[in-house]
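Here is the file structure32.cif (mmCIF, C-alpha atoms).
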data_input
loop_
_atom_site.label_atom_id
_atom_site.label_comp_id
_atom_site.auth_asym_id
_atom_site.auth_seq_id
_atom_site.Cartn_x
_atom_site.Cartn_y
_atom_site.Cartn_z
CA MET I 1 0.00 0.00 0.00
CA ARG I 2 1.39 3.42 -0.95
CA VAL I 3 0.24 6.33 1.20
CA SER I 4 1.05 9.99 0.56
CA VAL I 5 0.64 12.40 3.47
CA VAL I 6 -0.08 16.03 2.58
CA GLY I 7 -1.29 19.27 4.14
CA LEU I 8 1.67 19.83 6.49
CA ARG I 9 4.82 21.93 6.25
CA GLY I 10 7.09 18.94 6.76
CA ILE I 11 8.98 16.78 9.21
CA PRO I 12 11.13 16.59 11.30
CA ASN I 13 11.57 19.56 13.64
CA VAL I 14 9.09 21.85 11.89
CA LEU I 15 6.97 24.17 14.06
CA GLY I 16 3.28 23.26 14.33
CA GLY I 17 0.84 20.83 15.90
CA VAL I 18 0.06 18.99 12.64
CA GLU I 19 3.79 18.66 11.98
CA THR I 20 4.45 17.22 15.45
CA HIS I 21 1.51 14.84 14.98
CA CYS I 22 2.93 13.49 11.71
CA GLU I 23 6.49 13.34 13.00
CA GLU I 24 5.37 11.09 15.85
CA LEU I 25 2.81 9.06 13.91
CA MET I 26 4.18 8.18 10.50
CA PRO I 27 7.44 6.41 11.50
CA ARG I 28 5.47 4.26 13.96
CA ILE I 29 3.06 3.16 11.23
CA VAL I 30 5.94 2.17 8.94
CA VAL I 31 7.79 0.23 11.65
CA ASN I 32 4.76 -1.87 12.59
CA ASN I 33 3.30 -2.24 9.08
CA PRO I 34 6.04 -3.12 6.57
CA ASP I 35 3.47 -3.45 3.78
CA ILE I 36 2.58 0.27 4.10
CA ALA I 37 4.97 2.67 2.33
CA ILE I 38 4.52 6.28 3.44
CA GLN I 39 5.69 9.43 1.72
CA VAL I 40 5.31 12.79 3.48
CA ILE I 41 5.09 15.65 1.00
CA GLY I 42 6.07 18.89 2.73
CA ARG I 43 6.68 22.45 1.64
CA ARG I 44 9.77 24.36 0.64
CA PRO I 45 11.48 26.17 2.34
CA PHE I 46 10.49 24.37 5.56
CA ILE I 47 12.16 21.24 4.19
CA SER I 48 14.12 20.57 1.03
CA GLY I 49 15.42 17.66 -0.96
CA ASP I 50 14.33 14.05 -0.74
CA PHE I 51 15.35 12.03 2.32
CA ASP I 52 14.43 9.19 4.66
CA TYR I 53 13.16 9.85 8.18
CA HIS I 54 12.91 6.65 10.24
CA GLY I 55 11.59 4.71 7.25
CA VAL I 56 9.33 7.48 5.94
CA ASN I 57 10.21 9.05 2.60
CA VAL I 58 10.09 12.85 2.92
CA THR I 59 9.98 15.12 -0.10
CA SER I 60 8.81 18.65 -0.82
CA VAL I 61 6.94 20.85 -3.28
CA TYR I 62 6.89 24.57 -3.96
CA ALA I 63 4.91 26.74 -1.52
CA PRO I 64 4.38 30.52 -1.80
CA ALA I 65 5.32 32.69 1.17
CA GLY I 66 1.88 34.25 1.80
CA LYS I 67 -0.08 32.87 4.75
CA HIS I 68 -3.33 32.78 2.73
CA SER I 69 -1.89 30.91 -0.24
CA GLU I 70 0.80 28.68 1.26
CA ALA I 71 -1.33 25.70 2.27
CA ILE I 72 -3.70 25.50 -0.70
CA VAL I 73 -1.05 25.97 -3.40
CA ALA I 74 1.36 23.52 -1.78
CA THR I 75 -1.40 20.95 -1.28
CA PHE I 76 -2.43 21.24 -4.93
CA PHE I 77 1.11 20.42 -6.05
CA SER I 78 1.30 17.70 -3.38
CA VAL I 79 -1.83 15.97 -4.67
CA LEU I 80 -0.40 15.96 -8.20
CA LYS I 81 2.91 14.62 -6.93
CA ALA I 82 1.20 11.89 -4.88
CA ARG I 83 -0.69 10.66 -7.92
CA ARG I 84 2.44 10.84 -10.09
CA ASN I 85 4.33 8.80 -7.49
CA GLY I 86 1.70 6.06 -7.57
CA ALA I 87 -0.07 6.66 -4.25
CA ASP I 88 -3.32 4.74 -3.91
CA THR I 89 -4.21 6.41 -0.58
CA LEU I 90 -3.95 10.11 0.24
CA HIS I 91 -3.91 11.27 3.86
CA ILE I 92 -4.83 14.97 4.05
CA HIS I 93 -4.20 16.86 7.29
CA ALA I 94 -6.32 19.89 8.29
CA ILE I 95 -9.42 21.41 6.75
CA GLY I 96 -7.68 24.03 4.59
CA PRO I 97 -5.88 21.42 2.49
CA ALA I 98 -9.03 19.24 2.60
CA ILE I 99 -10.64 21.58 0.07
CA LEU I 100 -8.77 19.49 -2.54
CA THR I 101 -10.37 16.20 -1.44
CA PRO I 102 -12.70 16.06 -4.50
CA LEU I 103 -9.69 16.50 -6.81
CA ALA I 104 -7.88 13.59 -5.16
CA ARG I 105 -10.97 11.39 -5.50
CA LEU I 106 -11.34 12.32 -9.19
CA MET I 107 -7.72 11.28 -9.68
CA GLY I 108 -8.55 7.81 -8.34
CA MET I 109 -7.08 7.97 -4.86
CA ARG I 110 -8.80 6.88 -1.66
CA VAL I 111 -8.74 9.73 0.87
CA LEU I 112 -8.44 9.93 4.64
CA VAL I 113 -8.85 13.44 6.11
CA THR I 114 -7.62 14.19 9.63
CA HIS I 115 -9.53 17.16 11.06
CA HIS I 116 -7.22 18.89 13.55
CA GLY I 117 -9.64 21.59 14.64
CA GLU I 118 -12.06 24.26 13.47
CA ASP I 119 -9.46 26.55 11.90
CA PHE I 120 -12.20 28.93 10.72
CA GLN I 121 -12.49 29.98 14.39
CA ARG I 122 -8.98 31.42 14.37
CA ALA I 123 -8.81 35.19 14.68
CA LYS I 124 -5.95 35.56 12.23
CA TRP I 125 -8.14 34.72 9.22
CA ASN I 126 -10.27 37.27 7.36
CA ILE I 127 -13.85 36.57 6.30
CA PHE I 128 -12.82 35.11 2.94
CA ALA I 129 -10.22 32.78 4.45
CA LYS I 130 -12.74 31.60 7.05
CA ALA I 131 -15.26 30.88 4.31
CA ALA I 132 -12.64 28.87 2.42
CA LEU I 133 -11.82 26.87 5.57
CA ARG I 134 -15.50 26.09 6.16
CA LEU I 135 -15.71 24.95 2.55
CA GLY I 136 -12.63 22.80 3.11
CA GLU I 137 -14.30 21.12 6.07
CA THR I 138 -17.49 20.49 4.08
CA LEU I 139 -15.69 19.07 1.05
CA GLY I 140 -13.33 17.04 3.20
CA VAL I 141 -16.09 15.42 5.26
CA ARG I 142 -18.43 14.80 2.33
CA PHE I 143 -15.91 13.51 -0.23
CA ALA I 144 -13.31 11.70 1.91
CA ASN I 145 -13.66 7.97 2.31
CA LYS I 146 -12.97 8.36 6.02
CA VAL I 147 -12.53 11.27 8.43
CA VAL I 148 -10.56 11.33 11.68
CA ALA I 149 -11.30 13.91 14.40
CA VAL I 150 -8.55 14.42 16.99
CA SER I 151 -10.90 15.01 19.93
CA PRO I 152 -14.26 13.52 20.98
CA SER I 153 -15.92 16.93 21.13
CA LEU I 154 -14.82 17.62 17.56
CA GLN I 155 -16.15 14.24 16.44
CA ARG I 156 -19.54 15.05 18.00
CA LYS I 157 -19.68 18.45 16.31
CA LEU I 158 -18.87 16.97 12.91
CA GLN I 159 -21.45 14.21 13.26
CA MET I 160 -24.07 16.81 14.16
CA ARG I 161 -23.14 19.08 11.23
CA TYR I 162 -22.88 16.24 8.73
CA PRO I 163 -25.29 13.51 9.88
CA GLU I 164 -25.17 11.81 6.48
CA ALA I 165 -21.41 11.24 7.00
CA ALA I 166 -21.55 10.38 10.70
CA SER I 167 -20.64 6.72 10.25
CA LYS I 168 -17.32 7.50 8.58
CA ILE I 169 -16.15 10.04 11.19
CA ALA I 170 -13.85 8.38 13.73
CA TYR I 171 -12.08 9.70 16.82
CA ILE I 172 -8.32 9.12 16.97
CA PRO I 173 -6.52 11.55 19.31
CA ASN I 174 -3.16 13.25 19.31
CA GLY I 175 -0.65 11.50 21.53
CA VAL I 176 1.75 12.24 24.35
CA SER I 177 5.15 12.89 22.81
CA GLN I 178 8.23 11.50 24.53
CA LEU I 179 10.63 14.38 25.03
CA ALA I 180 14.05 14.29 26.69
CA GLY I 181 14.51 11.72 29.44
CA LYS I 182 15.57 12.15 33.04
CA ASN I 183 19.23 12.59 32.08
CA GLN I 184 18.49 16.01 30.62
CA ASP I 185 20.61 18.67 32.39
CA ASP I 186 17.71 20.79 33.65
CA GLN I 187 19.91 23.19 35.58
CA ALA I 188 21.94 24.10 32.50
CA VAL I 189 18.78 24.72 30.48
CA LEU I 190 17.27 26.92 33.20
CA GLN I 191 20.49 28.86 33.69
CA SER I 192 20.75 29.56 29.97
CA LEU I 193 17.37 31.31 30.20
CA GLY I 194 17.99 33.02 33.54
CA LEU I 195 15.36 30.88 35.31
CA THR I 196 15.20 28.95 38.57
CA LYS I 197 13.15 25.89 39.45
CA LYS I 198 9.44 26.48 40.26
CA ASP I 199 9.87 30.23 39.90
CA PHE I 200 8.21 30.66 36.51
CA PHE I 201 4.95 30.09 34.65
CA LEU I 202 5.15 28.42 31.24
CA VAL I 203 3.06 28.65 28.09
CA ALA I 204 4.28 26.66 25.06
CA ALA I 205 2.43 27.85 21.97
CA ARG I 206 2.80 29.63 18.66
CA LEU I 207 2.41 33.40 18.85
CA VAL I 208 -0.98 33.60 17.18
CA PRO I 209 -4.19 35.26 18.44
CA GLU I 210 -6.17 32.07 19.10
CA LYS I 211 -3.65 31.01 21.77
CA GLY I 212 -4.81 33.86 24.03
CA ILE I 213 -1.34 34.93 25.07
CA ASP I 214 -2.34 38.60 25.07
CA TYR I 215 -4.83 38.23 27.91
CA LEU I 216 -2.47 35.87 29.74
CA ILE I 217 0.12 38.69 29.80
CA ASP I 218 -2.55 41.03 31.16
CA ALA I 219 -3.60 38.47 33.78
CA HIS I 220 0.00 37.96 34.85
CA ARG I 221 0.43 41.71 35.34
CA LEU I 222 -2.91 42.00 37.17
CA SER I 223 -2.09 39.11 39.50
CA GLY I 224 0.99 40.85 40.88
CA SER I 225 2.86 37.54 40.79
CA ASP I 226 6.64 37.77 41.06
CA LYS I 227 7.05 34.62 38.95
CA THR I 228 8.42 35.06 35.43
CA LEU I 229 5.98 34.32 32.62
CA VAL I 230 7.90 32.25 30.05
CA ILE I 231 6.42 32.23 26.56
CA ALA I 232 8.03 29.43 24.56
CA GLY I 233 7.03 29.69 20.92
CA ALA I 234 7.56 31.51 17.67
CA SER I 235 5.42 33.37 15.17
CA MET I 236 4.80 32.53 11.53
CA HIS I 237 4.95 34.83 8.51
CA GLY I 238 6.25 37.85 10.48
CA SER I 239 3.21 38.38 12.68
CA ASP I 240 2.02 41.82 13.81
CA TYR I 241 0.43 40.01 16.75
CA SER I 242 3.79 38.81 18.05
CA GLU I 243 5.10 42.37 17.97
CA LYS I 244 2.00 43.52 19.85
CA LEU I 245 2.69 40.93 22.54
CA ARG I 246 6.26 42.08 22.98
CA ARG I 247 5.19 45.71 23.29
CA ALA I 248 2.59 44.78 25.92
CA ALA I 249 4.92 42.59 27.97
CA GLY I 250 6.58 43.94 31.09
CA PRO I 251 9.95 42.98 32.61
CA GLY I 252 8.47 39.85 34.17
CA VAL I 253 7.79 38.24 30.75
CA LEU I 254 10.38 36.20 28.86
CA PHE I 255 9.99 35.35 25.16
CA THR I 256 12.27 32.42 24.35
CA GLY I 257 11.36 31.93 20.71
CA GLN I 258 11.01 28.35 19.49
CA VAL I 259 12.55 26.00 22.06
CA PRO I 260 14.07 22.69 20.87
CA ARG I 261 11.85 19.84 22.01
CA GLU I 262 14.52 18.26 24.19
CA LYS I 263 14.84 21.52 26.15
CA LEU I 264 11.08 21.89 26.50
CA ALA I 265 11.18 18.85 28.80
CA SER I 266 13.25 20.83 31.30
CA LEU I 267 10.75 23.68 31.23
CA TYR I 268 7.76 21.35 31.71
CA ARG I 269 9.48 19.63 34.65
CA ASN I 270 10.50 22.78 36.45
CA ALA I 271 7.66 25.24 35.84
CA ALA I 272 5.57 26.28 38.82
CA LEU I 273 2.56 26.18 36.51
CA PHE I 274 1.85 25.33 32.87
CA ILE I 275 -0.86 27.56 31.37
CA LEU I 276 -2.76 27.19 28.10
CA PRO I 277 -5.23 30.10 27.63
CA SER I 278 -6.31 29.17 24.08
CA TYR I 279 -9.56 30.24 22.46
CA HIS I 280 -9.19 27.40 19.95
CA GLU I 281 -7.46 24.00 19.87
CA GLY I 282 -7.86 20.67 18.14
CA LEU I 283 -6.38 18.56 20.92
CA PRO I 284 -3.45 20.43 22.52
CA ILE I 285 -0.18 18.55 22.13
CA SER I 286 1.67 20.97 24.43
CA ALA I 287 -0.81 20.24 27.24
CA LEU I 288 -0.39 16.50 26.66
CA GLU I 289 3.38 16.92 26.87
CA ALA I 290 3.08 18.90 30.12
CA LEU I 291 0.74 16.22 31.52
CA SER I 292 3.35 13.56 30.78
CA PHE I 293 5.66 15.36 33.22
CA GLY I 294 2.95 15.77 35.88
CA ALA I 295 3.11 19.56 35.63
CA SER I 296 0.74 21.73 37.63
CA MET I 297 -1.67 23.05 35.03
CA LEU I 298 -4.31 25.66 34.19
CA LEU I 299 -6.30 25.47 30.97
CA SER I 300 -9.02 27.56 29.36
CA ASP I 301 -12.41 25.84 29.48
CA ILE I 302 -12.77 25.21 25.74
CA ASP I 303 -14.04 21.79 24.63
CA ALA I 304 -10.68 20.51 23.41
CA ASN I 305 -9.03 21.22 26.77
CA ILE I 306 -11.93 19.74 28.73
CA ASP I 307 -11.51 16.59 26.60
CA LEU I 308 -8.29 15.95 28.54
CA GLY I 309 -10.47 14.98 31.49
CA LEU I 310 -8.90 17.01 34.31
CA PRO I 311 -10.86 18.07 37.41
CA ASP I 312 -12.73 21.39 37.28
CA ARG I 313 -10.12 23.22 39.36
CA HIS I 314 -7.69 23.06 36.40
CA TYR I 315 -9.93 25.20 34.19
CA PHE I 316 -10.81 28.89 33.97
CA PRO I 317 -13.28 30.76 31.71
CA VAL I 318 -11.64 31.37 28.35
CA GLY I 319 -10.79 35.03 27.77
CA ASP I 320 -11.52 36.02 31.40
CA THR I 321 -8.46 38.02 32.45
CA LYS I 322 -9.62 38.59 36.03
CA ALA I 323 -10.51 34.94 36.63
CA LEU I 324 -7.12 33.83 35.35
CA ALA I 325 -5.31 36.49 37.40
CA GLY I 326 -7.03 35.22 40.52
CA LYS I 327 -5.67 31.72 39.88
CA LEU I 328 -2.09 33.03 39.51
CA ASN I 329 -1.97 34.49 43.01
CA PRO I 330 -1.14 31.47 45.21
CA SER I 331 2.49 30.71 45.96
CA ASP I 332 1.72 26.98 46.05
CA PHE I 333 0.10 25.28 43.07
CA SER I 334 0.21 21.73 44.43
CA ASP I 335 -3.58 21.39 44.13
CA LEU I 336 -3.11 21.77 40.35
CA ASP I 337 -0.54 18.96 40.16
CA THR I 338 -1.25 16.33 37.48
CA SER I 339 1.21 13.62 38.49
CA ASN I 340 -1.71 11.26 39.15
CA TRP I 341 -3.32 11.87 35.75
CA ASP I 342 -4.46 8.50 34.43
CA GLY I 343 -5.16 9.36 30.78
CA ALA I 344 -1.78 8.45 29.29
CA SER I 345 -3.00 5.16 27.82
CA THR I 346 -5.66 7.02 25.82
CA PHE I 347 -3.02 9.20 24.18
CA ASP I 348 -0.40 6.56 23.36
CA TRP I 349 1.22 7.18 19.97
CA ASP I 350 1.72 3.46 19.29
CA ALA I 351 -1.99 2.76 19.77
CA ILE I 352 -2.80 5.81 17.65
CA ALA I 353 -0.50 4.50 14.90
CA ASP I 354 -2.27 1.13 14.99
CA ALA I 355 -5.68 2.81 14.72
CA THR I 356 -4.51 4.96 11.78
CA ALA I 357 -3.04 1.95 9.99
CA ARG I 358 -6.39 0.20 10.35
CA CYS I 359 -8.01 3.21 8.68
CA TYR I 360 -5.60 2.87 5.75
CA ARG I 361 -6.46 -0.82 5.40
CA GLU I 362 -10.19 -0.10 5.52
CA LEU I 363 -9.77 2.35 2.65
CA CYS I 364 -8.07 -0.26 0.48
#

Rewrite the structure from the file as structure tokens, please.
Amino acid sequence: MRVSVVGLRGIPNVLGGVETHCEELMPRIVVNNPDIAIQVIGRRPFISGDFDYHGVNVTSVYAPAGKHSEAIVATFFSVLKARRNGADTLHIHAIGPAILTPLARLMGMRVLVTHHGEDFQRAKWNIFAKAALRLGETLGVRFANKVVAVSPSLQRKLQMRYPEAASKIAYIPNGVSQLAGKNQDDQAVLQSLGLTKKDFFLVAARLVPEKGIDYLIDAHRLSGSDKTLVIAGASMHGSDYSEKLRRAAGPGVLFTGQVPREKLASLYRNAALFILPSYHEGLPISALEALSFGASMLLSDIDANIDLGLPDRHYFPVGDTKALAGKLNPSDFSDLDTSNWDGASTFDWDAIADATARCYRELC
């Protein structure tokens, strides 16, 4: 079976939740299913050339630099390349690229669409882009042979919106990524950033409006906390929003830029509190990573975060600066500890790879 995976910027070590998802998932499928050959088709300049990554062939196509045209143009060329390379199954990630599902079906390929979240809810898109994303969802769900939703709440929403397609919409989550092990030199990582153990708050997210980092900065200031707010993440396409965040931030806020994944482990382990104030998520990989380290945690009360199954005390009303500030006041966050979280088995990448491989086989 030949599977082409499209809709992402590339792997490995490319910023983004879809990219992390594919980096974790695809090599596992290949290892456990030698009859499945997978090619990931990414975008230049995020990756270049043609190379092997843990048994997965990775190649690239042209992508324009504009944020509104990058995904759709690159996916168009990716679909053509997949067909030219003899793929019988196309795995499309995200609803923007899914707008090309009918084209892939017309070209004779079976299609699996993974829906990573309602991207039309993101504030960065204008009215025309949001309409295109809604169209992508509709075409993806209606024309794909099978659809995967990464959270149970998203699966329910899709089945309600598209009752005629309900039987082909499955739930397969994101997984808990294994970052650096216990031998990581945490002290060296913290010192390089001017931090000390349990004396900082951490948010690990791209600098985009739907992550809610602007009101988190306001809440941190309002709380009067003396703990540093560490914002680990980068912007895409030269964002005005990221510049706005930096202008709004006071001396108690540290922007690290994109942090290598092995160093993120040190931050998760040593943060006083991990915070995810998002307005929109599919199923948050950064929160799953923090949970794997038993980090104390606060999350906005959106459906995707609630799907993680934590007690109510871990949630605050999304967008409510005062409510969040009130939760940042205590000096001890032990009641928000997640070391006893029992959901790891649900978010196991090996089980997720098995479930995805079964989807491929069902298609063929």

Rounded to one decimal, what separation in Å do you get between atom CA of I:Glu289 and atom CA of I:Lys146?
27.8 Å

Where does the PyMOL selection byres ((chain I and resi 299) around 10) land in this file, that is, which residues does it pick, as a CSV table (one decimal) with C-alpha atoms, in the frame of the given file?
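selection_21.csv, written as the output of this step:
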chain,number,residue,atom,x,y,z
I,274,PHE,CA,1.8,25.3,32.9
I,275,ILE,CA,-0.9,27.6,31.4
I,276,LEU,CA,-2.8,27.2,28.1
I,277,PRO,CA,-5.2,30.1,27.6
I,278,SER,CA,-6.3,29.2,24.1
I,287,ALA,CA,-0.8,20.2,27.2
I,297,MET,CA,-1.7,23.0,35.0
I,298,LEU,CA,-4.3,25.7,34.2
I,300,SER,CA,-9.0,27.6,29.4
I,301,ASP,CA,-12.4,25.8,29.5
I,302,ILE,CA,-12.8,25.2,25.7
I,305,ASN,CA,-9.0,21.2,26.8
I,306,ILE,CA,-11.9,19.7,28.7
I,310,LEU,CA,-8.9,17.0,34.3
I,312,ASP,CA,-12.7,21.4,37.3
I,313,ARG,CA,-10.1,23.2,39.4
I,314,HIS,CA,-7.7,23.1,36.4
I,315,TYR,CA,-9.9,25.2,34.2
I,316,PHE,CA,-10.8,28.9,34.0
I,317,PRO,CA,-13.3,30.8,31.7
I,318,VAL,CA,-11.6,31.4,28.4
I,324,LEU,CA,-7.1,33.8,35.4

Hits from the PyMOL selection byres ((chain I and resi 56) around 12), listed as a PyMOL selection string
chain I and resi 2-5+10-12+22-31+33-34+36-41+50-55+57-59

Need the neighbours of (8.5, 32.9, 14.6): which residues are at most 12 Å away, counting only C-alpha atoms, as a CSV table (one decimal) with C-alpha atoms, in the coordinates of the input?
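part-v8.csv, written as the output of this step:
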chain,number,residue,atom,x,y,z
I,14,VAL,CA,9.1,21.8,11.9
I,15,LEU,CA,7.0,24.2,14.1
I,16,GLY,CA,3.3,23.3,14.3
I,205,ALA,CA,2.4,27.8,22.0
I,206,ARG,CA,2.8,29.6,18.7
I,207,LEU,CA,2.4,33.4,18.8
I,208,VAL,CA,-1.0,33.6,17.2
I,232,ALA,CA,8.0,29.4,24.6
I,233,GLY,CA,7.0,29.7,20.9
I,234,ALA,CA,7.6,31.5,17.7
I,235,SER,CA,5.4,33.4,15.2
I,236,MET,CA,4.8,32.5,11.5
I,237,HIS,CA,5.0,34.8,8.5
I,238,GLY,CA,6.2,37.8,10.5
I,239,SER,CA,3.2,38.4,12.7
I,240,ASP,CA,2.0,41.8,13.8
I,241,TYR,CA,0.4,40.0,16.8
I,242,SER,CA,3.8,38.8,18.0
I,243,GLU,CA,5.1,42.4,18.0
I,255,PHE,CA,10.0,35.4,25.2
I,256,THR,CA,12.3,32.4,24.4
I,257,GLY,CA,11.4,31.9,20.7
I,258,GLN,CA,11.0,28.4,19.5
I,259,VAL,CA,12.6,26.0,22.1

Residues picked by the PyMOL selection byres ((chain I and resi 351) around 12) here, as number ranges by chain?
I: 24-25, 28-29, 32, 172-176, 344-350, 352-358

I need the residue nearest I:Arg134 from this list: I:Gly96, I:Lys197, I:Ile72, I:Lys157. Use only C-alpha atoms for the distance.
I:Gly96

Atom CA of I:Val148 to atom CA of I:Leu112: how many Å, to one decimal?
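Taking atom CA of I:Val148 as the start and atom CA of I:Leu112 as the end point, the length is 7.5 Å.
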
Leaving out I:Asp88 and any residue of its chain fewer than 3 positions from it, which residues lie within 8 Å of it when counting only C-alpha atoms, given as an mmCIF file with C-alpha atoms, in the coordinates of the input?
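For reference, selection-v6.cif as written:
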data_model
loop_
_atom_site.group_PDB
_atom_site.id
_atom_site.type_symbol
_atom_site.label_atom_id
_atom_site.label_comp_id
_atom_site.auth_asym_id
_atom_site.auth_seq_id
_atom_site.Cartn_x
_atom_site.Cartn_y
_atom_site.Cartn_z
ATOM 1 C CA MET I 1 0.000 0.000 0.000
ATOM 2 C CA ARG I 2 1.390 3.420 -0.950
ATOM 3 C CA VAL I 3 0.240 6.330 1.200
ATOM 4 C CA ARG I 83 -0.690 10.660 -7.920
ATOM 5 C CA GLY I 108 -8.550 7.810 -8.340
ATOM 6 C CA MET I 109 -7.080 7.970 -4.860
ATOM 7 C CA ARG I 110 -8.800 6.880 -1.660
#

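Minimum distance to I:Arg9 across I:Val61, I:Leu216, I:Val113, I:Ile285 (counting only C-alpha atoms) occurs at I:Val61.
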
May I have the protein, DNA and RNA residues with an atom at most 12 Å from (-2.7, 12.1, 36.2), counting only C-alpha atoms in the file's coordinates, returned as a ChimeraX atom specification?
/I:288,290-297,308-311,336-346

Quick one: distance from atom CA of I:Phe333 to atom CA of I:Ser153 in Å, one decimal?
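Result for atom CA of I:Phe333 versus atom CA of I:Ser153: 28.4 Å, one decimal.
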
Write out N, CA and C atoms for stretch 206-227 of chain I, as a JSON list (two decimals), in the frame of the given file.
[["chain", "number", "residue", "atom", "x", "y", "z"],
["I", 206, "ARG", "N", 2.47, 28.66, 19.70],
["I", 206, "ARG", "CA", 2.80, 29.63, 18.66],
["I", 206, "ARG", "C", 2.23, 30.99, 19.02],
["I", 207, "LEU", "N", 2.86, 32.04, 18.55],
["I", 207, "LEU", "CA", 2.41, 33.40, 18.85],
["I", 207, "LEU", "C", 1.36, 33.81, 17.82],
["I", 208, "VAL", "N", 0.16, 33.30, 18.04],
["I", 208, "VAL", "CA", -0.98, 33.60, 17.18],
["I", 208, "VAL", "C", -2.17, 33.93, 18.07],
["I", 209, "PRO", "N", -3.13, 34.75, 17.57],
["I", 209, "PRO", "CA", -4.19, 35.26, 18.44],
["I", 209, "PRO", "C", -5.02, 34.20, 19.14],
["I", 210, "GLU", "N", -5.28, 33.06, 18.48],
["I", 210, "GLU", "CA", -6.17, 32.07, 19.10],
["I", 210, "GLU", "C", -5.58, 31.41, 20.33],
["I", 211, "LYS", "N", -4.27, 31.59, 20.57],
["I", 211, "LYS", "CA", -3.65, 31.01, 21.77],
["I", 211, "LYS", "C", -3.91, 31.84, 23.03],
["I", 212, "GLY", "N", -4.41, 33.06, 22.87],
["I", 212, "GLY", "CA", -4.81, 33.86, 24.03],
["I", 212, "GLY", "C", -3.67, 34.39, 24.86],
["I", 213, "ILE", "N", -2.49, 34.51, 24.29],
["I", 213, "ILE", "CA", -1.34, 34.93, 25.07],
["I", 213, "ILE", "C", -1.45, 36.39, 25.49],
["I", 214, "ASP", "N", -2.19, 37.19, 24.72],
["I", 214, "ASP", "CA", -2.34, 38.60, 25.07],
["I", 214, "ASP", "C", -3.05, 38.77, 26.41],
["I", 215, "TYR", "N", -4.15, 38.05, 26.62],
["I", 215, "TYR", "CA", -4.83, 38.23, 27.91],
["I", 215, "TYR", "C", -4.12, 37.49, 29.04],
["I", 216, "LEU", "N", -3.30, 36.50, 28.71],
["I", 216, "LEU", "CA", -2.47, 35.87, 29.74],
["I", 216, "LEU", "C", -1.44, 36.87, 30.27],
["I", 217, "ILE", "N", -0.83, 37.64, 29.36],
["I", 217, "ILE", "CA", 0.12, 38.69, 29.80],
["I", 217, "ILE", "C", -0.58, 39.70, 30.70],
["I", 218, "ASP", "N", -1.79, 40.09, 30.32],
["I", 218, "ASP", "CA", -2.55, 41.03, 31.16],
["I", 218, "ASP", "C", -2.88, 40.42, 32.52],
["I", 219, "ALA", "N", -3.26, 39.15, 32.52],
["I", 219, "ALA", "CA", -3.60, 38.47, 33.78],
["I", 219, "ALA", "C", -2.38, 38.34, 34.67],
["I", 220, "HIS", "N", -1.24, 38.06, 34.08],
["I", 220, "HIS", "CA", 0.00, 37.96, 34.85],
["I", 220, "HIS", "C", 0.33, 39.28, 35.52],
["I", 221, "ARG", "N", 0.18, 40.38, 34.78],
["I", 221, "ARG", "CA", 0.43, 41.71, 35.34],
["I", 221, "ARG", "C", -0.59, 42.01, 36.45],
["I", 222, "LEU", "N", -1.86, 41.71, 36.20],
["I", 222, "LEU", "CA", -2.91, 42.00, 37.17],
["I", 222, "LEU", "C", -2.75, 41.18, 38.44],
["I", 223, "SER", "N", -2.23, 39.99, 38.33],
["I", 223, "SER", "CA", -2.09, 39.11, 39.50],
["I", 223, "SER", "C", -1.05, 39.62, 40.49],
["I", 224, "GLY", "N", -0.09, 40.39, 40.00],
["I", 224, "GLY", "CA", 0.99, 40.85, 40.88],
["I", 224, "GLY", "C", 2.00, 39.77, 41.20],
["I", 225, "SER", "N", 1.94, 38.64, 40.52],
["I", 225, "SER", "CA", 2.86, 37.54, 40.79],
["I", 225, "SER", "C", 4.30, 37.95, 40.47],
["I", 226, "ASP", "N", 5.23, 37.49, 41.31],
["I", 226, "ASP", "CA", 6.64, 37.77, 41.06],
["I", 226, "ASP", "C", 7.30, 36.67, 40.22],
["I", 227, "LYS", "N", 6.52, 35.69, 39.79],
["I", 227, "LYS", "CA", 7.05, 34.62, 38.95],
["I", 227, "LYS", "C", 7.15, 35.09, 37.49]]
